[in-house]
Amino acid sequence: MFEGQPKGLWALALANTGERFGYYTMLAVFLLFLQANFGFETGLASTIYSTFLMMVYFLPIIGGIAADKFGFGRMVTTGIFIMFIGYLVLSLPLGGNMLAAGAMGLSLILIALGTGLFKGNLQVMVGRLYDVPEFKDKRDSGFSLFYMAINIGAMFAPTAAIKIMDWAQASLGVSVEDSYHFAFAVACVSLIVSISIYYVFAGTYKHVLAGETKKKADTVKTTVAEMSPAETKERIICLCLVFAVVIFFWMAFHQNGNTLTLFARDYTQTSSTGIQSMLFDVTNLVACIFVVYGCFGIAQSKTSKGKSISACIILAAIAFLFYKYNGLEGPVDVKAPIFQQFNPCYVVALTPVSVALFSWLNKIGKEPTSPEKIGLGMLVAALGFIWMAVGSMGLELPLTQFVAETEGPRVSANLLISTYLILTFAELLLSPIGISFVTKVTPPKYAGLMMGLWFGATAVGNQLVMVPGLMWGANFNLVTIWGVLAGICLVSAIFIFSIIKKLNKVA
C-alpha cells in the first residue's frame, strides 16, 4: 500500500497535516464560540459558520489563477503566512463587543484567503508527482494516502481544543468565553510546524515546481498546445458536471460542524460508560488504528521479520486497550465537539481498507471508475442521513436543553458514532477520488483554475450548509431536516449515474 509512492507525497502530506490540525482545532469549537462569546442565535451562528466555510473553499479559485501566473510554490508559502496572521488575530481575547466581532471577521477573511492560496495549490503539486509514467497508475491510491495523512491532524483536533480550553479554565482561571481563544492559538503553532516541514523536505518535491522557471514554462506551453480545443472543451464540461454534484455532497457532509454538532449538544447523552466511553479517548482510537495497520502488515509483509513486527504492534495495541479498559472509573463526560474526532479517525483507519479493496478489484478488472466511485459516494451519504432520520424519530424541536422543566429525551452516542462511520465511507469514495479525477482530467494549462473550481464547488456547498441550520433555528422537525439532506444526496447520485458514460470517456 505504501510502497512505490513518490517521496514528495509524504512531505506535502505532512505539511498539510499541520495546517489541517490547526484548522480543525478551530473549527471544532467555532460554532459554539459564536453562541457562547457573542450570544448569536442558532440561525445567525450557522450562517456565519457556513459563510466562512464558503470563503475557505471559494478562494482557491483565486489561488489557482494566481498560481497559474506566479507559481504554485510561491502561493503555497504566501498562504501559510496569511493564515498565521488570521489565526493570531482570532486568538486574541477581545470580548464580545463590536470591535471583537470586527476583529473576528477580519481574521476569518485572512484565514480563508490564506487557505485559498495554500490548499488547492498544494494538491496540484501532489498531482504533478504522478504525471510521470513511473507513478501514473498510483494516482488514486496516492491521493487516498494523502487524504489519510492530512486527516491525522484533524483526528487529534477536537481533543486538543477541549483539553486546552479545560486547562485554560482550570489552571489560568479564564472564563468559558475566553477559553475558546486558546483553542484558536493552537492553529498558530501548527502552522509553524507545517511551514517547517514544507521547507525542510523541499528536495523531495522541488522537481514538480521546475515548470515555474521560464525555460520549463515554455516546455509546458508546448505540451498544452498538443491538446485540441475540442478535447479541452469536453474535459472542462465533464469537470463542471462533477463540480455541480459535489456542491451537494459538501452541503450534507459539512453538517458535522453545524447541525450534527447541535444534535450532539442538545439530543445526545452527555455521559458514557463501559466500552463505549473508551471511544471518547483519542488514544484508544489510535490503538485501534494500530491494530488495523498491524493486520495489513501481516497480510502484506514479504518477510517473517515484517510479519513478526506487525504482530507485536497488534499485541501491544490490544494490551494498551485492555489496560485502559481495566482503568475505567465511572461515567465519562461527553462534550459536543468531541464527536468531530470520529470522521478523521475513520479516514485514517479505513484508507488502507479502501486502497486494498480497490487494488484487488483492479486486479480482477472490476474496479469502479472514478466517476462511478463519486456516484457511489453520494448514495452512501444518503444512507447516512436516512440513518439519522430513523434515529431522530420521537425527538422534537424546539426544546430547551439543560433546563429541567423543558429538557427533552437524549439518544445514545452510538447514533452519531455510526452516522460518522457511514459518512466517512462516502467521503473516501468521493473526496480523494474527486481530487484525483480533477488532476487527471484537467487540461494542463488550466491546472490551477480547475483545482480552484473544485474547491469553488465545495465553497457553494459550504455556503448551503446554513440551510439545515436555518431549518433547525426555525424549529423544523429533525426527521425533515435529515430527510432533506438524504434526498439531495440521492438525487445527486442519480444525476451522476445518468451521465456516467460521458464521464467515463475522459476518466
# chains A, B, ... in the order shown; residues from 1 in each chain; ligands from 1
call {"tool": "residues_around", "arguments": {"residues": "region 460-471 of chain A", "least_positions_apart": "3", "cutoff": "10 Å", "atoms": "only C-alpha atoms", "output": "NGL selection string"}}
result
:A and (42-58 or 243-260 or 262 or 455-457 or 474-478 or 480-482 or 484-485)
call {"tool": "select_by_dssp", "arguments": {"residues": "region 182-397 of chain A", "states": "helix (DSSP H, G or I)", "output": "compact mmCIF listing (two decimals) with C-alpha atoms, in the first residue's frame"}}
result
# COMPACT_ATOMS: atom_id res chain seq x y z
CA PHE A 182 -6.64 29.24 23.49
CA ALA A 183 -8.00 26.66 21.06
CA PHE A 184 -7.57 29.15 18.23
CA ALA A 185 -3.96 29.82 19.29
CA VAL A 186 -3.17 26.13 18.71
CA ALA A 187 -3.58 26.81 15.00
CA CYS A 188 -0.74 29.36 15.08
CA VAL A 189 1.64 26.75 16.48
CA SER A 190 0.52 24.12 13.99
CA LEU A 191 1.26 26.42 11.05
CA ILE A 192 4.82 26.92 12.28
CA VAL A 193 5.23 23.13 12.21
CA SER A 194 3.62 22.97 8.75
CA ILE A 195 5.91 25.52 7.09
CA SER A 196 8.95 23.92 8.72
CA ILE A 197 8.11 20.55 7.19
CA TYR A 198 7.44 22.17 3.82
CA TYR A 199 10.88 23.79 3.68
CA VAL A 200 12.97 21.06 5.32
CA ALA A 202 11.58 20.60 -0.21
CA GLY A 203 14.14 18.45 -2.01
CA THR A 204 11.63 15.61 -2.38
CA LYS A 206 11.07 20.54 -5.95
CA HIS A 207 11.10 18.91 -9.40
CA VAL A 208 7.33 19.48 -9.74
CA LEU A 209 7.97 23.23 -9.46
CA ALA A 210 10.56 23.21 -12.22
CA GLY A 211 7.92 24.41 -14.68
CA GLU A 212 7.80 27.72 -12.78
CA LYS A 214 10.87 30.47 -17.74
CA LYS A 215 12.59 27.73 -19.66
CA LYS A 216 10.40 24.98 -18.27
CA ALA A 217 7.28 27.09 -18.63
CA ASP A 218 7.91 27.27 -22.37
CA THR A 219 8.07 23.48 -22.45
CA VAL A 220 4.76 23.27 -20.61
CA LYS A 221 3.10 25.62 -23.07
CA THR A 222 4.27 23.45 -25.95
CA THR A 223 2.78 20.37 -24.28
CA VAL A 224 -0.53 22.12 -23.65
CA ALA A 225 -0.85 23.10 -27.31
CA PRO A 229 -9.73 22.70 -28.39
CA ALA A 230 -12.49 20.09 -28.73
CA GLU A 231 -10.85 17.76 -26.21
CA THR A 232 -10.16 20.65 -23.86
CA LYS A 233 -13.81 21.72 -24.03
CA GLU A 234 -15.06 18.17 -23.42
CA ARG A 235 -12.88 17.74 -20.37
CA ILE A 236 -13.90 21.06 -18.86
CA ILE A 237 -17.60 20.27 -19.38
CA CYS A 238 -17.19 16.90 -17.64
CA LEU A 239 -15.35 18.52 -14.75
CA CYS A 240 -18.07 21.14 -14.35
CA LEU A 241 -20.74 18.41 -14.23
CA VAL A 242 -18.83 16.71 -11.40
CA PHE A 243 -18.39 20.06 -9.65
CA ALA A 244 -22.18 20.54 -9.75
CA VAL A 245 -22.66 17.26 -7.87
CA VAL A 246 -20.00 17.77 -5.19
CA ILE A 247 -21.76 21.00 -4.19
CA PHE A 248 -24.49 18.93 -2.58
CA PHE A 249 -22.15 16.39 -1.06
CA TRP A 250 -20.32 19.08 0.90
CA MET A 251 -23.59 20.75 1.85
CA ALA A 252 -24.52 17.47 3.54
CA PHE A 253 -21.13 16.32 4.76
CA HIS A 254 -20.12 19.54 6.49
CA GLN A 255 -23.09 19.34 8.80
CA ASN A 256 -20.52 17.74 11.12
CA GLY A 257 -19.67 21.17 12.50
CA THR A 259 -26.44 20.56 12.80
CA LEU A 260 -24.67 17.34 13.79
CA THR A 261 -22.78 19.27 16.47
CA LEU A 262 -26.04 20.88 17.62
CA PHE A 263 -27.58 17.40 17.73
CA ALA A 264 -24.63 16.22 19.83
CA ARG A 265 -25.12 19.12 22.23
CA ASP A 266 -28.90 19.05 22.52
CA TYR A 267 -30.05 15.48 21.85
CA GLY A 274 -18.10 0.95 29.71
CA ILE A 275 -16.60 0.13 26.34
CA GLN A 276 -18.49 2.97 24.66
CA SER A 277 -16.76 5.51 26.92
CA MET A 278 -13.38 4.38 25.57
CA VAL A 282 -8.49 9.57 21.11
CA THR A 283 -5.58 7.42 22.34
CA ASN A 284 -7.87 4.39 22.33
CA LEU A 285 -8.88 5.16 18.75
CA VAL A 286 -5.22 5.41 17.79
CA ALA A 287 -4.63 1.97 19.34
CA CYS A 288 -7.47 0.58 17.20
CA ILE A 289 -5.84 2.12 14.13
CA PHE A 290 -2.58 0.37 15.03
CA VAL A 291 -4.47 -2.93 15.13
CA VAL A 292 -5.85 -2.30 11.63
CA TYR A 293 -2.45 -1.37 10.23
CA GLY A 294 -0.83 -4.29 12.01
CA CYS A 295 -3.25 -6.68 10.32
CA PHE A 296 -2.36 -5.20 6.96
CA GLY A 297 1.30 -5.52 7.84
CA ILE A 298 0.90 -9.24 8.47
CA ALA A 299 -1.01 -9.70 5.23
CA GLN A 300 1.38 -7.69 3.06
CA SER A 304 8.86 -13.27 8.57
CA LYS A 305 10.54 -10.35 10.34
CA GLY A 306 7.99 -7.92 8.95
CA LYS A 307 5.11 -10.17 9.96
CA SER A 308 6.56 -10.54 13.45
CA ILE A 309 6.88 -6.78 13.90
CA SER A 310 3.28 -6.31 12.76
CA ALA A 311 2.10 -8.99 15.18
CA CYS A 312 3.95 -7.27 18.04
CA ILE A 313 2.26 -3.98 17.16
CA ILE A 314 -1.15 -5.64 17.29
CA LEU A 315 -0.44 -7.29 20.65
CA ALA A 316 0.90 -4.03 22.12
CA ALA A 317 -2.19 -2.12 20.95
CA ILE A 318 -4.55 -4.74 22.37
CA ALA A 319 -2.65 -4.76 25.66
CA PHE A 320 -2.95 -0.97 25.82
CA LEU A 321 -6.72 -1.15 25.22
CA PHE A 322 -7.08 -3.85 27.88
CA TYR A 323 -5.14 -1.68 30.33
CA LYS A 324 -7.32 1.34 29.58
CA TYR A 325 -10.50 -0.73 29.97
CA ASN A 326 -9.43 -2.02 33.39
CA ALA A 336 -20.35 18.01 21.73
CA PRO A 337 -17.10 18.90 19.86
CA ILE A 338 -15.54 15.51 20.62
CA PHE A 339 -17.76 13.77 18.07
CA GLN A 340 -15.82 15.50 15.30
CA GLN A 341 -12.84 13.24 16.03
CA PHE A 342 -14.60 10.18 14.65
CA ASN A 343 -14.61 11.16 10.99
CA PRO A 344 -10.84 11.72 10.68
CA CYS A 345 -10.16 8.63 12.81
CA TYR A 346 -12.30 6.57 10.47
CA VAL A 347 -10.50 8.08 7.47
CA VAL A 348 -7.10 7.07 8.85
CA ALA A 349 -8.28 3.58 9.82
CA LEU A 350 -10.27 2.80 6.67
CA THR A 351 -7.98 4.23 3.99
CA PRO A 352 -5.82 1.06 3.81
CA VAL A 353 -9.02 -0.98 3.63
CA SER A 354 -10.25 1.21 0.76
CA VAL A 355 -6.92 1.11 -1.09
CA ALA A 356 -6.62 -2.66 -0.68
CA LEU A 357 -10.21 -3.26 -1.81
CA PHE A 358 -9.88 -1.21 -4.98
CA SER A 359 -6.44 -2.66 -5.72
CA TRP A 360 -7.96 -6.13 -5.57
CA LEU A 361 -10.89 -5.07 -7.75
CA ASN A 362 -8.43 -3.56 -10.21
CA LYS A 363 -6.52 -6.83 -10.45
CA SER A 370 -13.53 7.48 -10.60
CA PRO A 371 -16.95 8.89 -11.65
CA GLU A 372 -18.64 5.66 -10.53
CA LYS A 373 -16.95 5.96 -7.13
CA ILE A 374 -18.25 9.52 -6.85
CA GLY A 375 -21.79 8.35 -7.58
CA LEU A 376 -21.50 5.56 -5.03
CA GLY A 377 -20.25 8.10 -2.50
CA MET A 378 -23.42 10.14 -2.93
CA LEU A 379 -25.56 7.03 -2.39
CA VAL A 380 -23.71 6.17 0.81
CA ALA A 381 -24.09 9.75 2.07
CA ALA A 382 -27.84 9.48 1.51
CA LEU A 383 -27.88 6.32 3.64
CA GLY A 384 -26.08 8.19 6.43
CA PHE A 385 -28.79 10.81 6.73
CA ILE A 386 -31.56 8.24 6.38
CA TRP A 387 -29.98 6.56 9.41
CA MET A 388 -30.02 9.89 11.27
CA ALA A 389 -33.68 10.35 10.38
CA VAL A 390 -34.57 6.93 11.76
CA GLY A 391 -32.61 7.60 14.95
call {"tool": "closest_residue", "arguments": {"among": "A:Gly79, A:Gly8, A:Pro444, A:Gly105", "to": "Ser228 (chain A)", "atoms": "only C-alpha atoms"}}
result
A:Pro444
call {"tool": "select_by_dssp", "arguments": {"residues": "region 258-471 of chain A", "states": "strand (DSSP E or B)", "output": "NGL selection string"}}
result
:A and (268 or 271-272 or 332-333 or 411)
call {"tool": "write_last_selection", "arguments": {"atoms": "N, CA, C and O atoms", "output": "PDB file, in the first residue's frame"}}
result
ATOM      1  N   THR A 268     -27.995  14.308  22.419  1.00  0.00           N
ATOM      2  CA  THR A 268     -27.182  13.114  22.641  1.00  0.00           C
ATOM      3  C   THR A 268     -26.788  13.037  24.111  1.00  0.00           C
ATOM      4  O   THR A 268     -26.527  14.064  24.749  1.00  0.00           O
ATOM      5  N   SER A 271     -23.035  11.691  28.898  1.00  0.00           N
ATOM      6  CA  SER A 271     -22.057  10.849  29.584  1.00  0.00           C
ATOM      7  C   SER A 271     -22.082   9.460  28.968  1.00  0.00           C
ATOM      8  O   SER A 271     -23.037   9.077  28.282  1.00  0.00           O
ATOM      9  N   SER A 272     -21.007   8.721  29.211  1.00  0.00           N
ATOM     10  CA  SER A 272     -20.878   7.397  28.620  1.00  0.00           C
ATOM     11  C   SER A 272     -20.141   6.489  29.597  1.00  0.00           C
ATOM     12  O   SER A 272     -19.292   6.940  30.374  1.00  0.00           O
ATOM     13  N   VAL A 332     -17.944   8.829  31.800  1.00  0.00           N
ATOM     14  CA  VAL A 332     -17.072   9.826  31.174  1.00  0.00           C
ATOM     15  C   VAL A 332     -17.947  10.925  30.589  1.00  0.00           C
ATOM     16  O   VAL A 332     -18.953  10.644  29.926  1.00  0.00           O
ATOM     17  N   ASP A 333     -17.593  12.183  30.848  1.00  0.00           N
ATOM     18  CA  ASP A 333     -18.330  13.299  30.256  1.00  0.00           C
ATOM     19  C   ASP A 333     -18.134  13.315  28.743  1.00  0.00           C
ATOM     20  O   ASP A 333     -17.017  13.137  28.246  1.00  0.00           O
ATOM     21  N   VAL A 411     -30.572  10.598  23.042  1.00  0.00           N
ATOM     22  CA  VAL A 411     -30.318   9.289  22.451  1.00  0.00           C
ATOM     23  C   VAL A 411     -28.879   8.869  22.715  1.00  0.00           C
ATOM     24  O   VAL A 411     -28.032   9.675  23.102  1.00  0.00           O
TER      25      VAL A 411
END
call {"tool": "atom_distance", "arguments": {"atom1": "CA of Gly39 (chain A)", "atom2": "CA of Ser107 (chain A)"}}
result
19.0 Å
call {"tool": "decode", "arguments": {"residues": "region 459-474 of chain A", "atoms": "all heavy atoms", "output": "PDB file, in the first residue's frame"}}
result
ATOM      1  N   ALA A 459     -17.101  25.284  -2.017  1.00  0.00           N
ATOM      2  CA  ALA A 459     -17.479  26.534  -1.353  1.00  0.00           C
ATOM      3  C   ALA A 459     -18.979  26.775  -1.414  1.00  0.00           C
ATOM      4  O   ALA A 459     -19.606  27.153  -0.420  1.00  0.00           O
ATOM      5  CB  ALA A 459     -16.738  27.715  -1.990  1.00  0.00           C
ATOM      6  N   VAL A 460     -19.554  26.547  -2.593  1.00  0.00           N
ATOM      7  CA  VAL A 460     -21.001  26.731  -2.730  1.00  0.00           C
ATOM      8  C   VAL A 460     -21.733  25.760  -1.809  1.00  0.00           C
ATOM      9  O   VAL A 460     -22.710  26.119  -1.131  1.00  0.00           O
ATOM     10  CB  VAL A 460     -21.436  26.526  -4.188  1.00  0.00           C
ATOM     11  CG1 VAL A 460     -22.956  26.630  -4.316  1.00  0.00           C
ATOM     12  CG2 VAL A 460     -20.763  27.546  -5.093  1.00  0.00           C
ATOM     13  N   GLY A 461     -21.243  24.523  -1.764  1.00  0.00           N
ATOM     14  CA  GLY A 461     -21.838  23.546  -0.859  1.00  0.00           C
ATOM     15  C   GLY A 461     -21.730  23.971   0.588  1.00  0.00           C
ATOM     16  O   GLY A 461     -22.668  23.813   1.373  1.00  0.00           O
ATOM     17  N   ASN A 462     -20.580  24.543   0.945  1.00  0.00           N
ATOM     18  CA  ASN A 462     -20.390  25.001   2.317  1.00  0.00           C
ATOM     19  C   ASN A 462     -21.292  26.177   2.660  1.00  0.00           C
ATOM     20  O   ASN A 462     -21.730  26.319   3.805  1.00  0.00           O
ATOM     21  CB  ASN A 462     -18.924  25.394   2.533  1.00  0.00           C
ATOM     22  CG  ASN A 462     -18.022  24.175   2.596  1.00  0.00           C
ATOM     23  OD1 ASN A 462     -18.461  23.083   2.890  1.00  0.00           O
ATOM     24  ND2 ASN A 462     -16.748  24.367   2.307  1.00  0.00           N
ATOM     25  N   GLN A 463     -21.559  27.034   1.685  1.00  0.00           N
ATOM     26  CA  GLN A 463     -22.498  28.111   1.936  1.00  0.00           C
ATOM     27  C   GLN A 463     -23.901  27.562   2.186  1.00  0.00           C
ATOM     28  O   GLN A 463     -24.652  28.064   3.029  1.00  0.00           O
ATOM     29  CB  GLN A 463     -22.526  29.087   0.755  1.00  0.00           C
ATOM     30  CG  GLN A 463     -23.428  30.298   0.960  1.00  0.00           C
ATOM     31  CD  GLN A 463     -22.953  31.188   2.099  1.00  0.00           C
ATOM     32  OE1 GLN A 463     -21.956  31.889   1.978  1.00  0.00           O
ATOM     33  NE2 GLN A 463     -23.653  31.165   3.217  1.00  0.00           N
ATOM     34  N   LEU A 464     -24.236  26.487   1.466  1.00  0.00           N
ATOM     35  CA  LEU A 464     -25.548  25.863   1.646  1.00  0.00           C
ATOM     36  C   LEU A 464     -25.651  25.081   2.953  1.00  0.00           C
ATOM     37  O   LEU A 464     -26.747  24.651   3.327  1.00  0.00           O
ATOM     38  CB  LEU A 464     -25.845  24.932   0.462  1.00  0.00           C
ATOM     39  CG  LEU A 464     -26.015  25.620  -0.901  1.00  0.00           C
ATOM     40  CD1 LEU A 464     -26.197  24.585  -1.998  1.00  0.00           C
ATOM     41  CD2 LEU A 464     -27.188  26.592  -0.887  1.00  0.00           C
ATOM     42  N   VAL A 465     -24.515  24.893   3.630  1.00  0.00           N
ATOM     43  CA  VAL A 465     -24.532  24.239   4.949  1.00  0.00           C
ATOM     44  C   VAL A 465     -25.499  24.951   5.892  1.00  0.00           C
ATOM     45  O   VAL A 465     -26.109  24.337   6.760  1.00  0.00           O
ATOM     46  CB  VAL A 465     -23.101  24.215   5.551  1.00  0.00           C
ATOM     47  CG1 VAL A 465     -23.139  23.888   7.037  1.00  0.00           C
ATOM     48  CG2 VAL A 465     -22.247  23.179   4.817  1.00  0.00           C
ATOM     49  N   MET A 466     -25.664  26.268   5.683  1.00  0.00           N
ATOM     50  CA  MET A 466     -26.505  27.044   6.599  1.00  0.00           C
ATOM     51  C   MET A 466     -27.985  26.687   6.462  1.00  0.00           C
ATOM     52  O   MET A 466     -28.767  26.941   7.387  1.00  0.00           O
ATOM     53  CB  MET A 466     -26.329  28.538   6.337  1.00  0.00           C
ATOM     54  CG  MET A 466     -26.914  29.030   5.033  1.00  0.00           C
ATOM     55  SD  MET A 466     -26.707  30.803   4.814  1.00  0.00           S
ATOM     56  CE  MET A 466     -27.547  31.059   3.244  1.00  0.00           C
ATOM     57  N   VAL A 467     -28.396  26.107   5.334  1.00  0.00           N
ATOM     58  CA  VAL A 467     -29.818  25.840   5.106  1.00  0.00           C
ATOM     59  C   VAL A 467     -30.391  24.909   6.181  1.00  0.00           C
ATOM     60  O   VAL A 467     -31.406  25.235   6.810  1.00  0.00           O
ATOM     61  CB  VAL A 467     -30.058  25.280   3.689  1.00  0.00           C
ATOM     62  CG1 VAL A 467     -31.521  24.874   3.514  1.00  0.00           C
ATOM     63  CG2 VAL A 467     -29.659  26.310   2.635  1.00  0.00           C
ATOM     64  N   PRO A 468     -29.772  23.740   6.450  1.00  0.00           N
ATOM     65  CA  PRO A 468     -30.281  22.928   7.563  1.00  0.00           C
ATOM     66  C   PRO A 468     -30.182  23.646   8.903  1.00  0.00           C
ATOM     67  O   PRO A 468     -31.030  23.442   9.781  1.00  0.00           O
ATOM     68  CB  PRO A 468     -29.366  21.690   7.529  1.00  0.00           C
ATOM     69  CG  PRO A 468     -28.884  21.609   6.126  1.00  0.00           C
ATOM     70  CD  PRO A 468     -28.705  23.039   5.702  1.00  0.00           C
ATOM     71  N   GLY A 469     -29.155  24.516   9.072  1.00  0.00           N
ATOM     72  CA  GLY A 469     -29.049  25.286  10.306  1.00  0.00           C
ATOM     73  C   GLY A 469     -30.203  26.255  10.469  1.00  0.00           C
ATOM     74  O   GLY A 469     -30.737  26.428  11.575  1.00  0.00           O
ATOM     75  N   LEU A 470     -30.608  26.882   9.362  1.00  0.00           N
ATOM     76  CA  LEU A 470     -31.760  27.786   9.408  1.00  0.00           C
ATOM     77  C   LEU A 470     -33.044  26.997   9.672  1.00  0.00           C
ATOM     78  O   LEU A 470     -33.937  27.470  10.382  1.00  0.00           O
ATOM     79  CB  LEU A 470     -31.860  28.558   8.094  1.00  0.00           C
ATOM     80  CG  LEU A 470     -30.735  29.574   7.825  1.00  0.00           C
ATOM     81  CD1 LEU A 470     -30.852  30.138   6.412  1.00  0.00           C
ATOM     82  CD2 LEU A 470     -30.773  30.700   8.853  1.00  0.00           C
ATOM     83  N   MET A 471     -33.123  25.806   9.093  1.00  0.00           N
ATOM     84  CA  MET A 471     -34.283  24.947   9.361  1.00  0.00           C
ATOM     85  C   MET A 471     -34.319  24.568  10.836  1.00  0.00           C
ATOM     86  O   MET A 471     -35.385  24.522  11.453  1.00  0.00           O
ATOM     87  CB  MET A 471     -34.219  23.687   8.492  1.00  0.00           C
ATOM     88  CG  MET A 471     -34.378  23.942   6.998  1.00  0.00           C
ATOM     89  SD  MET A 471     -34.132  22.437   6.007  1.00  0.00           S
ATOM     90  CE  MET A 471     -35.559  21.460   6.507  1.00  0.00           C
ATOM     91  N   TRP A 472     -33.143  24.295  11.392  1.00  0.00           N
ATOM     92  CA  TRP A 472     -33.050  23.970  12.822  1.00  0.00           C
ATOM     93  C   TRP A 472     -33.546  25.143  13.652  1.00  0.00           C
ATOM     94  O   TRP A 472     -34.351  24.980  14.577  1.00  0.00           O
ATOM     95  CB  TRP A 472     -31.601  23.635  13.155  1.00  0.00           C
ATOM     96  CG  TRP A 472     -31.357  23.126  14.548  1.00  0.00           C
ATOM     97  CD1 TRP A 472     -31.429  23.843  15.701  1.00  0.00           C
ATOM     98  CD2 TRP A 472     -30.988  21.806  14.926  1.00  0.00           C
ATOM     99  NE1 TRP A 472     -31.124  23.062  16.786  1.00  0.00           N
ATOM    100  CE2 TRP A 472     -30.846  21.797  16.338  1.00  0.00           C
ATOM    101  CE3 TRP A 472     -30.741  20.635  14.216  1.00  0.00           C
ATOM    102  CZ2 TRP A 472     -30.475  20.649  17.035  1.00  0.00           C
ATOM    103  CZ3 TRP A 472     -30.376  19.496  14.905  1.00  0.00           C
ATOM    104  CH2 TRP A 472     -30.248  19.513  16.309  1.00  0.00           C
ATOM    105  N   GLY A 473     -33.047  26.347  13.309  1.00  0.00           N
ATOM    106  CA  GLY A 473     -33.446  27.536  14.048  1.00  0.00           C
ATOM    107  C   GLY A 473     -34.915  27.871  13.886  1.00  0.00           C
ATOM    108  O   GLY A 473     -35.515  28.504  14.759  1.00  0.00           O
ATOM    109  N   ALA A 474     -35.511  27.446  12.769  1.00  0.00           N
ATOM    110  CA  ALA A 474     -36.930  27.697  12.522  1.00  0.00           C
ATOM    111  C   ALA A 474     -37.815  26.574  13.062  1.00  0.00           C
ATOM    112  O   ALA A 474     -39.015  26.534  12.771  1.00  0.00           O
ATOM    113  CB  ALA A 474     -37.166  27.858  11.020  1.00  0.00           C
TER     114      ALA A 474
END
